[in-house]
Amino acid sequence: ASIFKPIRSMAAMMPRAHAQMRQVCRMVTVGCRPRILGEGPIFQVRAFAGVLPAWRPPTPPLCVGSRRTMAAGALDTGLVQSSWAAVCPEPTDEVFETVGTLIFETLFETTPEAKALFPFAERANKAQQKLWAKHVRDFTKTVDDAVKGLGDLESTAAVLESLGRRHNNYGVVEAHYDAVGKTLLVALEKALGPKGLWTPATKDAWAGVWGVVAGCMKKGQGIA
């Protein structure tokens with residue numbers, strides 16, 4: 001009760017506001033029970049029936065803060081992993097290059113201006129072909145690692161944030177993540193559709209995973 005002494009003193013100095021101040025004090029203290037826990041009093045405030053709605057915890061973000069908490073329960077990890085296994089059955093350079101080439105050729109079809117970000121996109125000579133092969137392999141391996149790491153989202157988030165920081169050197173902006181996300185879904189449809197494995201549920205599951213990947217990379221890049 002001692003913490004309200006300054007309030008009462010102030011009220012005494014302002015007679016016209018005295019009644020209003022007392023009402024405020026009653027509203028603050030009703031439903032509060034002081035208890036001592038370590039450093040000082042903690043007030044447990046109960047919601048006023050008919051005045052304040054019952055509190056509901058917020059939906060956890062996909063990737064936020066130093067602990068990199070992510071909404072794992074919102075992701076259908078089993079569906080994502082099984083469908084990815086149909087696209088990328090073996091973690092070899094040859095498979096990674098084939099899948100990555102499909103993804104990036106789809107990107108250039110849907111977003112032609114994105115080609116300007118990749119000086120080796122034309123693959124006009126051996127040097128460019130070598131750079132292209134390395135890039136598409138690395139990209140596909142990143143997706144592969146992310147999909148396989150869905151069971152340990154915090155560790156996966158740390159890797160993705162680090163990758164995002166490196167993308168500051170490449171002129172990548174937020175809109176590029178949206179373009180790549182849409183491209184990934186189109187490329188997956190091309191690969192899984194003929195096998196009868198591309199369904200609305202599969203699309204939604206992959207959209208959720210890309211939300212995690214892009215969210216963490218953008219956070220690492222400082223544009224989230």
# chains A, B, ... in the order shown; residues from 1 in each chain; ligands from 1
call {"tool": "residues_around", "arguments": {"residues": "Arg123 (chain A)", "least_positions_apart": "5", "cutoff": "10 Å", "atoms": "only C-alpha atoms", "output": "list in words"}}
result
Gln128, Gln129, Lys130, Leu131, Trp132 and Ala133 of chain A
call {"tool": "residues_around", "arguments": {"residues": "Thr140 (chain A)", "least_positions_apart": "2", "cutoff": "10 Å", "atoms": "only C-alpha atoms", "output": "PyMOL selection string"}}
result
chain A and resi 88+91+93+95-101+103+135-138+142-146
call {"tool": "residues_around", "arguments": {"residues": "Val87 (chain A)", "least_positions_apart": "4", "cutoff": "7 Å", "atoms": "only C-alpha atoms", "output": "list in words"}}
result
Ser83, Ala191 and Leu192 of chain A
call {"tool": "write_last_selection", "arguments": {"atoms": "N, CA, C and O atoms", "output": "short mmCIF file (atom, residue, chain, number, x, y, z; two decimals), in the first residue's frame"}}
result
data_model
loop_
_atom_site.label_atom_id
_atom_site.label_comp_id
_atom_site.auth_asym_id
_atom_site.auth_seq_id
_atom_site.Cartn_x
_atom_site.Cartn_y
_atom_site.Cartn_z
N SER A 83 7.80 -34.79 -49.44
CA SER A 83 7.72 -34.26 -50.81
C SER A 83 9.10 -33.84 -51.31
O SER A 83 9.43 -34.04 -52.49
N ALA A 191 7.98 -30.34 -60.53
CA ALA A 191 8.63 -31.61 -60.20
C ALA A 191 7.65 -32.62 -59.59
O ALA A 191 7.74 -33.82 -59.87
N LEU A 192 6.72 -32.14 -58.78
CA LEU A 192 5.84 -33.05 -58.04
C LEU A 192 4.50 -33.30 -58.72
O LEU A 192 3.87 -34.34 -58.50
#
call {"tool": "residues_around", "arguments": {"residues": "Thr183 (chain A)", "least_positions_apart": "6", "cutoff": "9 Å", "atoms": "only C-alpha atoms", "output": "list in words"}}
result
Ile103, Phe104, Thr106, Leu107, Phe108, Thr110 and Thr111 of chain A
call {"tool": "write_last_selection", "arguments": {"atoms": "all heavy atoms", "output": "PDB file, in the first residue's frame"}}
result
ATOM      1  N   ILE A 103      15.024 -24.737 -60.477  1.00  0.00           N
ATOM      2  CA  ILE A 103      14.513 -23.619 -59.676  1.00  0.00           C
ATOM      3  C   ILE A 103      14.923 -22.280 -60.285  1.00  0.00           C
ATOM      4  O   ILE A 103      14.090 -21.370 -60.448  1.00  0.00           O
ATOM      5  CB  ILE A 103      15.002 -23.736 -58.227  1.00  0.00           C
ATOM      6  CG1 ILE A 103      14.352 -24.946 -57.545  1.00  0.00           C
ATOM      7  CG2 ILE A 103      14.678 -22.463 -57.440  1.00  0.00           C
ATOM      8  CD1 ILE A 103      14.930 -25.282 -56.178  1.00  0.00           C
ATOM      9  N   PHE A 104      16.182 -22.135 -60.650  1.00  0.00           N
ATOM     10  CA  PHE A 104      16.644 -20.833 -61.133  1.00  0.00           C
ATOM     11  C   PHE A 104      16.196 -20.553 -62.563  1.00  0.00           C
ATOM     12  O   PHE A 104      15.968 -19.384 -62.921  1.00  0.00           O
ATOM     13  CB  PHE A 104      18.162 -20.712 -60.978  1.00  0.00           C
ATOM     14  CG  PHE A 104      18.552 -20.303 -59.589  1.00  0.00           C
ATOM     15  CD1 PHE A 104      18.790 -21.268 -58.627  1.00  0.00           C
ATOM     16  CD2 PHE A 104      18.630 -18.969 -59.240  1.00  0.00           C
ATOM     17  CE1 PHE A 104      19.109 -20.903 -57.329  1.00  0.00           C
ATOM     18  CE2 PHE A 104      18.955 -18.589 -57.946  1.00  0.00           C
ATOM     19  CZ  PHE A 104      19.198 -19.559 -56.987  1.00  0.00           C
ATOM     20  N   THR A 106      13.336 -21.468 -63.603  1.00  0.00           N
ATOM     21  CA  THR A 106      11.955 -21.046 -63.349  1.00  0.00           C
ATOM     22  C   THR A 106      11.926 -19.606 -62.846  1.00  0.00           C
ATOM     23  O   THR A 106      11.044 -18.822 -63.223  1.00  0.00           O
ATOM     24  CB  THR A 106      11.294 -21.983 -62.316  1.00  0.00           C
ATOM     25  OG1 THR A 106      11.337 -23.323 -62.787  1.00  0.00           O
ATOM     26  CG2 THR A 106       9.845 -21.586 -62.070  1.00  0.00           C
ATOM     27  N   LEU A 107      12.892 -19.252 -62.009  1.00  0.00           N
ATOM     28  CA  LEU A 107      12.976 -17.872 -61.519  1.00  0.00           C
ATOM     29  C   LEU A 107      13.139 -16.892 -62.671  1.00  0.00           C
ATOM     30  O   LEU A 107      12.463 -15.852 -62.719  1.00  0.00           O
ATOM     31  CB  LEU A 107      14.165 -17.727 -60.557  1.00  0.00           C
ATOM     32  CG  LEU A 107      14.481 -16.299 -60.085  1.00  0.00           C
ATOM     33  CD1 LEU A 107      13.335 -15.732 -59.261  1.00  0.00           C
ATOM     34  CD2 LEU A 107      15.784 -16.280 -59.275  1.00  0.00           C
ATOM     35  N   PHE A 108      14.005 -17.207 -63.616  1.00  0.00           N
ATOM     36  CA  PHE A 108      14.233 -16.302 -64.743  1.00  0.00           C
ATOM     37  C   PHE A 108      13.037 -16.249 -65.692  1.00  0.00           C
ATOM     38  O   PHE A 108      12.829 -15.253 -66.375  1.00  0.00           O
ATOM     39  CB  PHE A 108      15.497 -16.717 -65.501  1.00  0.00           C
ATOM     40  CG  PHE A 108      16.748 -16.680 -64.657  1.00  0.00           C
ATOM     41  CD1 PHE A 108      17.817 -17.521 -64.926  1.00  0.00           C
ATOM     42  CD2 PHE A 108      16.842 -15.807 -63.577  1.00  0.00           C
ATOM     43  CE1 PHE A 108      18.957 -17.484 -64.145  1.00  0.00           C
ATOM     44  CE2 PHE A 108      17.992 -15.764 -62.790  1.00  0.00           C
ATOM     45  CZ  PHE A 108      19.048 -16.608 -63.071  1.00  0.00           C
ATOM     46  N   THR A 110       9.839 -16.499 -64.579  1.00  0.00           N
ATOM     47  CA  THR A 110       8.787 -15.744 -63.892  1.00  0.00           C
ATOM     48  C   THR A 110       9.215 -14.332 -63.537  1.00  0.00           C
ATOM     49  O   THR A 110       8.388 -13.427 -63.455  1.00  0.00           O
ATOM     50  CB  THR A 110       8.370 -16.474 -62.603  1.00  0.00           C
ATOM     51  OG1 THR A 110       9.521 -16.639 -61.750  1.00  0.00           O
ATOM     52  CG2 THR A 110       7.787 -17.847 -62.913  1.00  0.00           C
ATOM     53  N   THR A 111      10.536 -14.138 -63.337  1.00  0.00           N
ATOM     54  CA  THR A 111      11.052 -12.819 -62.949  1.00  0.00           C
ATOM     55  C   THR A 111      12.312 -12.535 -63.753  1.00  0.00           C
ATOM     56  O   THR A 111      13.440 -12.662 -63.256  1.00  0.00           O
ATOM     57  CB  THR A 111      11.365 -12.785 -61.441  1.00  0.00           C
ATOM     58  OG1 THR A 111      10.284 -13.355 -60.707  1.00  0.00           O
ATOM     59  CG2 THR A 111      11.601 -11.356 -60.957  1.00  0.00           C
TER      60      THR A 111
END
call {"tool": "residues_around", "arguments": {"residues": "Leu79 (chain A)", "least_positions_apart": "2", "cutoff": "9 Å", "atoms": "only C-alpha atoms", "output": "list in words"}}
result
Asp76, Thr77, Gln81, Ser82, Ser83, Trp84, Ala201, Thr202, Ala205 and Trp206 of chain A
call {"tool": "write_last_selection", "arguments": {"atoms": "C-alpha atoms", "output": "PDB file, in the first residue's frame"}}
result
ATOM      1  CA  ASP A  76       3.616 -29.704 -41.581  1.00  0.00           C
ATOM      2  CA  THR A  77       7.198 -30.914 -41.446  1.00  0.00           C
ATOM      3  CA  GLN A  81      10.180 -33.643 -45.906  1.00  0.00           C
ATOM      4  CA  SER A  82       8.438 -36.450 -47.779  1.00  0.00           C
ATOM      5  CA  SER A  83       7.721 -34.261 -50.813  1.00  0.00           C
ATOM      6  CA  TRP A  84      11.285 -32.932 -50.838  1.00  0.00           C
ATOM      7  CA  ALA A 201      -1.829 -29.139 -48.575  1.00  0.00           C
ATOM      8  CA  THR A 202       1.675 -29.587 -50.013  1.00  0.00           C
ATOM      9  CA  ALA A 205       3.185 -26.616 -46.182  1.00  0.00           C
ATOM     10  CA  TRP A 206       5.963 -25.354 -48.458  1.00  0.00           C
TER      11      TRP A 206
END
call {"tool": "residues_around", "arguments": {"residues": "Val172 (chain A)", "least_positions_apart": "6", "cutoff": "12 Å", "atoms": "only C-alpha atoms", "output": "number ranges by chain"}}
result
A: 114, 116-118, 163-166, 178-180, 214, 217-218, 221-223
